[in-house]
file query-v1.txt (compact mmCIF, C-alpha atoms)
# COMPACT_ATOMS: atom_id res chain seq x y z
CA MET A 1 -14.55 -1.90 -22.62
CA SER A 2 -14.21 -1.85 -26.36
CA VAL A 3 -10.47 -2.47 -26.38
CA TRP A 4 -9.71 -5.64 -28.24
CA ASP A 5 -7.50 -7.83 -26.17
CA PRO A 6 -5.21 -9.91 -28.37
CA PRO A 7 -4.13 -13.36 -27.30
CA HIS A 8 -1.54 -13.35 -24.56
CA LEU A 9 1.97 -13.86 -25.76
CA GLN A 10 3.95 -15.19 -22.80
CA VAL A 11 5.60 -11.89 -22.03
CA GLY A 12 7.20 -13.16 -18.85
CA SER A 13 9.43 -15.55 -20.74
CA ARG A 14 10.39 -12.88 -23.26
CA ILE A 15 8.85 -14.36 -26.36
CA VAL A 16 7.67 -10.87 -27.16
CA ARG A 17 10.29 -8.31 -28.08
CA PRO A 18 10.25 -5.91 -25.13
CA TYR A 19 9.42 -2.67 -26.87
CA THR A 20 6.51 -4.15 -28.79
CA MET A 21 4.74 -3.80 -25.44
CA THR A 22 5.02 -0.05 -25.76
CA GLY A 23 4.18 0.21 -29.44
CA GLY A 24 7.86 0.82 -30.14
CA ARG A 25 8.06 3.89 -27.92
CA THR A 26 11.21 4.13 -25.88
CA GLU A 27 10.89 7.56 -24.35
CA VAL A 28 8.42 9.15 -22.00
CA GLY A 29 9.13 12.55 -23.43
CA GLU A 30 9.75 15.25 -20.91
CA ARG A 31 8.21 13.27 -18.15
CA ALA A 32 11.28 11.81 -16.49
CA ILE A 33 10.33 9.08 -14.05
CA ALA A 34 12.97 8.27 -11.45
CA LEU A 35 14.00 4.68 -10.91
CA GLU A 36 12.93 4.90 -7.28
CA ALA A 37 9.67 6.78 -7.94
CA LEU A 38 6.84 4.95 -6.18
CA VAL A 39 3.85 3.80 -8.21
CA VAL A 40 0.50 3.12 -6.59
CA ALA A 41 -2.68 2.00 -8.31
CA THR A 42 -5.70 4.25 -7.98
CA ALA A 43 -9.13 2.86 -7.16
CA GLU A 44 -10.06 3.59 -10.75
CA GLY A 45 -7.03 1.67 -12.00
CA VAL A 46 -7.89 -1.35 -9.90
CA ARG A 47 -11.49 -1.20 -11.05
CA ASN A 48 -10.50 -0.99 -14.71
CA ARG A 49 -7.60 -3.37 -14.53
CA HIS A 50 -9.23 -5.81 -16.95
CA ARG A 51 -9.17 -3.19 -19.67
CA TYR A 52 -5.40 -3.15 -19.74
CA ARG A 53 -3.17 -5.58 -21.48
CA TRP A 54 -0.18 -7.57 -20.35
CA GLU A 55 2.33 -5.63 -18.30
CA SER A 56 0.03 -2.68 -17.72
CA ALA A 57 -2.45 -4.91 -15.91
CA GLU A 58 0.41 -6.48 -13.97
CA ILE A 59 1.72 -3.05 -12.99
CA ILE A 60 -1.70 -2.21 -11.56
CA THR A 61 -1.78 -5.47 -9.62
CA LEU A 62 1.74 -5.07 -8.20
CA SER A 63 1.24 -1.42 -7.35
CA ARG A 64 -1.74 -1.95 -5.09
CA LYS A 65 1.08 -1.57 -2.62
CA GLU A 66 3.44 1.31 -3.38
CA THR A 67 6.19 -0.14 -5.53
CA ALA A 68 9.20 1.55 -7.14
CA VAL A 69 9.59 1.66 -10.91
CA ILE A 70 12.80 -0.37 -10.67
CA GLU A 71 11.05 -3.01 -8.55
CA LEU A 72 8.27 -3.30 -11.10
CA ALA A 73 10.88 -3.88 -13.81
CA ALA A 74 12.60 -6.57 -11.76
CA LEU A 75 9.38 -8.31 -10.71
CA LEU A 76 7.92 -8.28 -14.23
CA ASP A 77 11.28 -9.13 -15.80
CA VAL A 78 11.00 -6.39 -18.40
CA PRO A 79 13.44 -3.56 -19.10
CA ILE A 80 13.21 -0.42 -16.98
CA GLY A 81 12.45 1.75 -20.03
CA VAL A 82 9.39 -0.34 -20.86
CA VAL A 83 8.04 0.03 -17.33
CA LYS A 84 8.58 3.78 -17.53
CA VAL A 85 6.58 4.09 -20.76
CA LEU A 86 3.73 1.89 -19.53
CA THR A 87 3.61 3.59 -16.13
CA GLY A 88 3.56 7.00 -17.82
CA ASP A 89 0.53 5.88 -19.86
CA LEU A 90 -1.23 4.55 -16.76
CA LEU A 91 -0.53 7.85 -15.02
CA ASP A 92 -2.13 9.78 -17.89
CA GLN A 93 -5.15 7.53 -17.72
CA GLY A 94 -5.54 7.99 -13.98
CA ALA A 95 -4.91 4.32 -13.29
CA VAL A 96 -1.87 4.95 -11.07
CA SER A 97 -0.34 7.84 -9.24
CA ILE A 98 3.38 8.38 -8.74
CA THR A 99 5.38 9.76 -5.83
CA ASP A 100 8.59 11.33 -7.08
CA PRO A 101 11.63 11.37 -4.83
CA PRO A 102 12.10 14.66 -2.98
CA ALA A 103 14.38 17.23 -4.56
CA THR A 104 17.90 17.18 -3.13
CA ASP A 105 17.68 20.89 -2.50
CA THR A 106 20.42 21.75 -0.07
CA GLU A 107 19.09 25.27 0.35
CA GLY A 108 15.82 24.10 1.77
CA GLU A 109 15.29 23.48 5.45
CA GLY A 110 12.99 20.66 4.48
CA TYR A 111 15.90 18.79 2.97
CA THR A 112 17.88 18.90 6.21
CA ASP A 113 14.80 17.60 8.03
CA LEU A 114 14.51 14.78 5.52
CA LEU A 115 18.17 13.82 5.95
CA ASN A 116 17.75 13.81 9.72
CA LYS A 117 14.77 11.49 9.38
CA VAL A 118 16.73 9.17 7.12
CA LEU A 119 19.63 9.22 9.57
CA ASP A 120 17.38 8.35 12.52
CA GLY A 121 15.78 5.63 10.45
CA ILE A 122 19.09 3.99 9.51
CA LYS A 123 20.42 4.23 13.06
CA SER A 124 17.36 2.50 14.48
CA LEU A 125 17.40 -0.40 12.04
CA MET B 1 -7.31 13.79 -17.31
CA GLU B 2 -5.19 15.48 -14.72
CA SER B 3 -2.44 13.05 -13.86
CA SER B 4 -1.66 12.57 -10.22
CA ARG B 5 1.91 13.11 -9.29
CA SER B 6 3.41 14.27 -6.05
CA GLU B 7 6.85 14.96 -4.73
CA GLY B 8 8.02 13.42 -1.52
CA ASN B 9 5.53 12.97 1.25
CA SER B 10 3.21 15.82 0.57
CA GLU B 11 -0.07 13.97 0.71
CA GLY B 12 -1.64 11.58 3.17
CA ASN B 13 0.37 8.62 4.35
CA ARG B 14 2.28 8.15 1.15
CA LEU B 15 5.81 6.80 1.36
CA THR B 16 8.72 9.01 0.39
CA PRO B 17 11.41 7.23 -1.65
CA VAL B 18 15.07 8.12 -1.11
CA LYS B 19 18.16 6.46 -2.49
CA ILE B 20 21.84 5.92 -1.88
CA VAL B 21 24.10 4.74 -4.69
CA VAL B 22 26.73 2.07 -4.12
CA ALA B 23 29.55 2.35 -6.65
CA GLY B 24 32.92 0.77 -7.15
CA GLY B 25 34.78 -1.54 -9.48
CA PHE B 26 33.53 -4.84 -10.84
CA GLY B 27 33.56 -7.57 -8.20
CA VAL B 28 34.27 -5.27 -5.26
CA GLY B 29 31.22 -6.50 -3.35
CA LYS B 30 28.49 -3.98 -4.19
CA THR B 31 25.68 -6.52 -4.34
CA THR B 32 26.94 -8.19 -1.17
CA PHE B 33 26.91 -4.79 0.53
CA VAL B 34 23.33 -4.11 -0.60
CA GLY B 35 22.20 -7.62 0.34
CA ALA B 36 23.66 -7.36 3.84
CA ILE B 37 21.09 -4.76 4.88
CA SER B 38 18.25 -4.95 2.34
CA GLU B 39 14.91 -6.28 3.58
CA ILE B 40 14.47 -8.04 0.24
CA GLU B 41 16.95 -10.24 -1.59
CA PRO B 42 18.71 -7.85 -3.96
CA LEU B 43 16.76 -7.73 -7.20
CA ARG B 44 18.16 -7.20 -10.66
CA SER B 45 16.66 -4.87 -13.23
CA GLU B 46 17.77 -4.43 -16.77
CA ALA B 47 17.86 -1.41 -19.02
CA ILE B 48 18.20 -1.70 -22.76
CA ILE B 49 20.72 0.72 -24.12
CA THR B 50 21.87 1.59 -27.57
CA GLU B 51 25.57 1.96 -28.03
CA ALA B 52 27.86 2.48 -30.96
CA SER B 53 29.24 -0.88 -31.97
CA GLU B 54 32.96 -1.36 -32.04
CA GLY B 55 33.09 -2.33 -35.66
CA ILE B 56 33.48 -6.00 -34.94
CA ASP B 57 30.10 -7.07 -36.24
CA GLU B 58 30.24 -9.74 -38.86
CA LEU B 59 26.87 -8.69 -40.20
CA ASP B 60 26.80 -5.10 -41.21
CA LEU B 61 23.15 -4.29 -41.60
CA GLY B 62 23.76 -0.65 -42.25
CA THR B 63 23.58 0.45 -38.66
CA SER B 64 26.40 1.40 -36.34
CA LYS B 65 24.35 0.92 -33.18
CA THR B 66 23.76 -2.17 -31.16
CA MET B 67 21.35 -2.90 -28.35
CA THR B 68 22.84 -4.03 -25.08
CA THR B 69 21.29 -4.70 -21.74
CA VAL B 70 22.83 -3.33 -18.59
CA ALA B 71 21.92 -4.81 -15.24
CA MET B 72 21.54 -3.00 -11.93
CA ASP B 73 21.12 -4.65 -8.57
CA PHE B 74 19.15 -2.92 -5.88
CA GLY B 75 17.74 -3.43 -2.42
CA ARG B 76 15.12 -1.78 -0.26
CA ILE B 77 15.00 -0.77 3.39
CA SER B 78 11.85 0.57 5.06
CA LEU B 79 12.74 3.41 7.40
CA LYS B 80 9.96 4.42 9.74
CA HIS B 81 6.40 4.39 8.51
CA ASP B 82 6.72 6.90 5.71
CA LEU B 83 10.25 6.54 4.31
CA VAL B 84 11.74 3.90 2.08
CA LEU B 85 15.42 3.80 1.19
CA TYR B 86 16.60 2.20 -2.04
CA LEU B 87 20.20 1.10 -2.43
CA PHE B 88 21.41 0.96 -6.02
CA GLY B 89 24.51 -0.88 -7.13
CA THR B 90 26.05 0.77 -10.16
CA PRO B 91 26.86 -1.38 -13.16
CA GLY B 92 30.53 -2.31 -12.75
CA GLN B 93 31.80 -2.15 -16.29
CA ASP B 94 33.34 1.12 -17.40
CA ARG B 95 31.33 1.30 -20.59
CA PHE B 96 28.13 1.75 -18.59
CA HIS B 97 29.24 4.86 -16.75
CA PHE B 98 26.72 7.01 -18.56
CA MET B 99 24.00 5.14 -16.66
CA TRP B 100 25.41 6.62 -13.48
CA ASN B 101 23.80 9.97 -14.20
CA GLU B 102 20.35 8.51 -13.90
CA LEU B 103 21.38 6.61 -10.78
CA ALA B 104 22.96 9.63 -9.12
CA ARG B 105 20.10 12.03 -9.90
CA GLY B 106 18.19 12.59 -6.68
CA ALA B 107 20.51 10.40 -4.60
CA ILE B 108 21.11 11.69 -1.09
CA GLY B 109 24.63 10.35 -1.26
CA ALA B 110 26.91 7.58 -2.42
CA VAL B 111 29.24 4.90 -1.16
CA VAL B 112 32.40 4.17 -3.12
CA LEU B 113 33.34 0.63 -2.23
CA VAL B 114 37.05 -0.04 -2.52
CA ASP B 115 39.17 -3.16 -2.68
CA THR B 116 42.66 -1.92 -1.83
CA ARG B 117 44.22 -4.72 -3.88
CA ARG B 118 42.64 -3.13 -6.97
CA ILE B 119 42.32 0.44 -5.83
CA GLU B 120 42.32 1.88 -9.34
CA ALA B 121 38.96 0.21 -10.02
CA CYS B 122 37.22 2.91 -7.96
CA PHE B 123 38.87 5.96 -9.54
CA ALA B 124 36.09 6.44 -12.10
CA ALA B 125 33.43 6.45 -9.38
CA ILE B 126 35.31 9.02 -7.29
CA ASP B 127 35.86 11.26 -10.34
CA PHE B 128 32.18 11.04 -11.15
CA PHE B 129 30.83 11.93 -7.69
CA GLU B 130 33.38 14.69 -7.19
CA LYS B 131 32.43 16.30 -10.50
CA ARG B 132 28.74 15.90 -9.88
CA GLY B 133 28.93 17.20 -6.32
CA THR B 134 27.25 14.13 -4.86
CA PRO B 135 28.24 13.64 -1.20
CA PHE B 136 30.13 10.32 -0.94
CA VAL B 137 32.12 8.27 1.53
CA VAL B 138 34.81 5.72 0.77
CA ALA B 139 34.23 2.30 2.29
CA VAL B 140 37.17 -0.07 2.16
CA ASN B 141 35.86 -3.62 1.94
CA THR B 142 38.15 -5.53 4.26
CA PHE B 143 37.18 -9.00 2.98
CA HIS B 144 37.43 -11.20 6.08
CA GLY B 145 38.53 -8.44 8.38
CA ARG B 146 42.00 -7.77 6.98
CA ARG B 147 43.09 -4.17 6.70
CA LEU B 148 45.78 -4.29 4.08
CA HIS B 149 46.30 -0.55 3.95
CA GLY B 150 45.98 2.24 6.49
CA GLU B 151 43.63 5.16 6.11
CA GLN B 152 46.33 7.68 5.24
CA GLU B 153 47.69 5.35 2.62
CA VAL B 154 44.23 4.95 1.07
CA ARG B 155 43.55 8.69 1.25
CA GLY B 156 46.86 9.39 -0.41
CA ALA B 157 46.22 6.90 -3.20
CA LEU B 158 42.74 8.27 -3.86
CA GLN B 159 43.71 11.94 -3.54
CA ILE B 160 40.40 12.83 -1.93
CA ALA B 161 39.56 15.83 0.21
CA ALA B 162 40.14 15.53 3.94
CA SER B 163 36.41 16.07 4.44
CA VAL B 164 35.53 12.83 2.64
CA PRO B 165 35.12 10.09 5.26
CA ILE B 166 36.99 6.80 4.83
CA LEU B 167 35.61 3.77 6.66
CA TYR B 168 36.50 0.10 6.83
CA CYS B 169 33.74 -2.44 6.52
CA ASP B 170 33.07 -6.07 5.82
CA ALA B 171 30.43 -5.84 3.12
CA ARG B 172 28.83 -9.07 4.35
CA VAL B 173 28.18 -7.72 7.84
CA ARG B 174 24.95 -5.84 8.44
CA VAL B 175 26.18 -3.55 11.22
CA ASP B 176 29.21 -2.58 9.13
CA VAL B 177 26.98 -1.65 6.21
CA GLN B 178 24.66 0.23 8.56
CA ARG B 179 27.64 2.23 9.89
CA VAL B 180 28.68 3.15 6.33
CA LEU B 181 25.15 4.31 5.47
CA VAL B 182 25.03 6.42 8.64
CA ALA B 183 28.32 8.02 7.55
CA VAL B 184 26.90 8.80 4.10
CA VAL B 185 23.86 10.58 5.51
CA GLU B 186 25.89 12.44 8.15
CA HIS B 187 28.27 13.58 5.42
CA ALA B 188 25.33 14.71 3.28
CA LEU B 189 23.97 16.62 6.29
CA ASP B 190 27.32 18.32 6.84
CA ARG B 191 27.37 19.33 3.22
CA ALA B 192 23.76 20.54 3.27
CA THR B 193 24.20 22.63 6.40
CA SER B 194 27.51 24.09 5.18
CA GLY B 195 25.77 25.24 2.03
CA ALA B 196 27.62 23.12 -0.53
CA GLY B 197 25.31 22.36 -3.41
CA VAL B 198 24.12 19.01 -4.65
CA SER B 199 22.92 18.95 -8.22
call {"tool": "encode", "arguments": {"input": "query-v1.txt", "output": "structure tokens"}}
result
Amino acid sequence: MSVWDPPHLQVGSRIVRPYTMTGGRTEVGERAIALEALVVATAEGVRNRHRYRWESAEIITLSRKETAVIELAALLDVPIGVVKVLTGDLLDQGAVSITDPPATDTEGEGYTDLLNKVLDGIKSL
Amino acid sequence: MESSRSEGNSEGNRLTPVKIVVAGGFGVGKTTFVGAISEIEPLRSEAIITEASEGIDELDLGTSKTMTTVAMDFGRISLKHDLVLYLFGTPGQDRFHFMWNELARGAIGAVVLVDTRRIEACFAAIDFFEKRGTPFVVAVNTFHGRRLHGEQEVRGALQIAASVPILYCDARVRVDVQRVLVAVVEHALDRATSGAGVS
């Protein structure tokens, strides 16, 4: 509650330089987040949404429904790298959870099952 | 705090995201292909990249790097209640090929879209997926239904293995795109069950 919220700077129309939103950070370290990883807000994130600034609050709003990292970037009109950094922070703070794509492990029987499900799904579109 | 992260559909009713990459030369119809089957209008995301400048900058500020944005178009298809398929169009320009690694990582397969009038535009994509071991099919975009070149001719020009499927499609037509995607997944299944690795 004590976070000072500076005046909003029209981020949507790109008046702010993109990486100022992340405090200049461009990497998420070892935590690689896939473009198609699905982000979903936790109850805690939704409850505390007002504590977050700018894009982070928007990410929480958009991810009430599971939404991929790349979709968040497109919908917010900010670069993918920025969304990755902000989403990584939200993950650490328990405000969102992330579903990574399954490993493409050809050894595993589970992978064959997954491919069969995808195949059925595409055929029945 | 313990951060919550899961792989695939291991908890509750969470969706599992999967992806197929659509590659090919600039202007070959990748976004059209994605748009023909996506449940959303294809969206565009941008990544900011740093690249060595070509030495043409008028203002030399003591740095040899420049920031460039690279755009990727993508679409989404809900498959069943717990699966969602993302289709990613690769950036067309050659200088963005390094982005393909991130796109290909975790992909179940790829489509190399080909315009036989400019067949060389797809060579880089084929090289990339062959080297990486990503299962791919070749889809010849027929643009208005004209098959300018036969399958053997295309196969010969591309020098691809006999096991790589070649299909004809009109990238604007949903059922054609659906057929290509089915071929990608079937090819990936063949590869998975025959024990060939995907990295």
call {"tool": "closest_residue", "arguments": {"input": "query-v1.txt", "among": "B:Gly25, B:Gly145, B:Pro135, B:Pro42", "to": "B:Pro165", "atoms": "only C-alpha atoms"}}
result
B:Pro135
call {"tool": "atom_distance", "arguments": {"input": "query-v1.txt", "atom1": "atom CA of B:Leu83", "atom2": "atom CA of B:Glu39"}}
result
13.7 Å
call {"tool": "residues_around", "arguments": {"input": "query-v1.txt", "residues": "stretch 181-190 of chain B", "least_positions_apart": "6", "cutoff": "7 Å", "atoms": "all atoms listed in the file", "output": "list of chain:residue names"}}
result
A:Thr112, A:Leu115, A:Leu119, A:Ile122, A:Lys123, B:Ile108, B:Gly109, B:Ala110, B:Val111, B:Pro135, B:Phe136, B:Val137
call {"tool": "closest_residue", "arguments": {"input": "query-v1.txt", "among": "A:Glu58, A:Ala41, A:Gly110, A:Leu35", "to": "chain B", "atoms": "all atoms listed in the file"}}
result
A:Leu35
call {"tool": "atom_distance", "arguments": {"input": "query-v1.txt", "atom1": "atom CA of A:Ile70", "atom2": "atom CA of A:Arg49"}}
result
21.0 Å
call {"tool": "interface_residues", "arguments": {"input": "query-v1.txt", "of": "chain A", "to": "chain B", "cutoff": "8 Å", "atoms": "only C-alpha atoms", "output": "ChimeraX atom specification"}}
result
/A:34-38,66,70-71,73-74,77-81,91-94,96-107,112,115-116,118-119,121-123,125
call {"tool": "atom_distance", "arguments": {"input": "query-v1.txt", "atom1": "atom CA of B:Glu153", "atom2": "atom CA of B:Thr31"}}
result
26.0 Å
call {"tool": "closest_residue", "arguments": {"input": "query-v1.txt", "among": "B:Val180, B:Ala157, B:Val138, B:Ile126", "to": "B:Leu113", "atoms": "only C-alpha atoms"}}
result
B:Val138
call {"tool": "build_atoms", "arguments": {"input": "query-v1.txt", "residues": "stretch 81-98 of chain A", "atoms": "N, CA, C and O atoms", "output": "mmCIF file, keeping the file's coordinate frame"}}
result
data_model
loop_
_atom_site.group_PDB
_atom_site.id
_atom_site.type_symbol
_atom_site.label_atom_id
_atom_site.label_comp_id
_atom_site.auth_asym_id
_atom_site.auth_seq_id
_atom_site.Cartn_x
_atom_site.Cartn_y
_atom_site.Cartn_z
ATOM 1 N N GLY A 81 13.044 0.782 -19.097
ATOM 2 C CA GLY A 81 12.450 1.750 -20.030
ATOM 3 C C GLY A 81 11.016 1.393 -20.391
ATOM 4 O O GLY A 81 10.162 2.267 -20.551
ATOM 5 N N VAL A 82 10.750 0.103 -20.523
ATOM 6 C CA VAL A 82 9.390 -0.340 -20.860
ATOM 7 C C VAL A 82 8.443 -0.003 -19.712
ATOM 8 O O VAL A 82 7.340 0.523 -19.921
ATOM 9 N N VAL A 83 8.877 -0.275 -18.489
ATOM 10 C CA VAL A 83 8.040 0.030 -17.330
ATOM 11 C C VAL A 83 7.764 1.534 -17.246
ATOM 12 O O VAL A 83 6.656 1.960 -16.933
ATOM 13 N N LYS A 84 8.779 2.333 -17.573
ATOM 14 C CA LYS A 84 8.580 3.780 -17.530
ATOM 15 C C LYS A 84 7.509 4.229 -18.521
ATOM 16 O O LYS A 84 6.654 5.056 -18.194
ATOM 17 N N VAL A 85 7.567 3.702 -19.743
ATOM 18 C CA VAL A 85 6.580 4.090 -20.760
ATOM 19 C C VAL A 85 5.178 3.663 -20.335
ATOM 20 O O VAL A 85 4.232 4.460 -20.355
ATOM 21 N N LEU A 86 5.056 2.405 -19.894
ATOM 22 C CA LEU A 86 3.730 1.890 -19.530
ATOM 23 C C LEU A 86 3.174 2.614 -18.300
ATOM 24 O O LEU A 86 1.981 2.927 -18.229
ATOM 25 N N THR A 87 4.054 2.890 -17.345
ATOM 26 C CA THR A 87 3.610 3.590 -16.130
ATOM 27 C C THR A 87 3.193 5.017 -16.461
ATOM 28 O O THR A 87 2.211 5.531 -15.914
ATOM 29 N N GLY A 88 3.928 5.656 -17.385
ATOM 30 C CA GLY A 88 3.560 7.000 -17.820
ATOM 31 C C GLY A 88 2.158 7.008 -18.444
ATOM 32 O O GLY A 88 1.352 7.903 -18.182
ATOM 33 N N ASP A 89 1.868 5.990 -19.256
ATOM 34 C CA ASP A 89 0.530 5.880 -19.860
ATOM 35 C C ASP A 89 -0.538 5.692 -18.780
ATOM 36 O O ASP A 89 -1.605 6.319 -18.827
ATOM 37 N N LEU A 90 -0.255 4.814 -17.835
ATOM 38 C CA LEU A 90 -1.230 4.550 -16.760
ATOM 39 C C LEU A 90 -1.468 5.808 -15.932
ATOM 40 O O LEU A 90 -2.585 6.066 -15.485
ATOM 41 N N LEU A 91 -0.411 6.589 -15.762
ATOM 42 C CA LEU A 91 -0.530 7.850 -15.020
ATOM 43 C C LEU A 91 -1.475 8.801 -15.763
ATOM 44 O O LEU A 91 -2.382 9.386 -15.169
ATOM 45 N N ASP A 92 -1.275 8.906 -17.077
ATOM 46 C CA ASP A 92 -2.130 9.780 -17.890
ATOM 47 C C ASP A 92 -3.591 9.346 -17.826
ATOM 48 O O ASP A 92 -4.500 10.164 -17.910
ATOM 49 N N GLN A 93 -3.782 8.047 -17.708
ATOM 50 C CA GLN A 93 -5.150 7.530 -17.720
ATOM 51 C C GLN A 93 -5.747 7.464 -16.318
ATOM 52 O O GLN A 93 -6.858 6.961 -16.143
ATOM 53 N N GLY A 94 -5.002 7.952 -15.348
ATOM 54 C CA GLY A 94 -5.540 7.990 -13.980
ATOM 55 C C GLY A 94 -5.570 6.640 -13.293
ATOM 56 O O GLY A 94 -6.211 6.480 -12.262
ATOM 57 N N ALA A 95 -4.867 5.663 -13.864
ATOM 58 C CA ALA A 95 -4.910 4.320 -13.290
ATOM 59 C C ALA A 95 -3.895 4.145 -12.162
ATOM 60 O O ALA A 95 -4.028 3.254 -11.323
ATOM 61 N N VAL A 96 -2.847 4.971 -12.174
ATOM 62 C CA VAL A 96 -1.870 4.950 -11.070
ATOM 63 C C VAL A 96 -1.531 6.391 -10.715
ATOM 64 O O VAL A 96 -1.780 7.318 -11.491
ATOM 65 N N SER A 97 -0.978 6.572 -9.540
ATOM 66 C CA SER A 97 -0.340 7.840 -9.240
ATOM 67 C C SER A 97 1.108 7.550 -8.861
ATOM 68 O O SER A 97 1.469 6.411 -8.551
ATOM 69 N N ILE A 98 1.945 8.562 -8.936
ATOM 70 C CA ILE A 98 3.380 8.380 -8.740
ATOM 71 C C ILE A 98 3.882 9.366 -7.694
ATOM 72 O O ILE A 98 3.520 10.540 -7.733
#
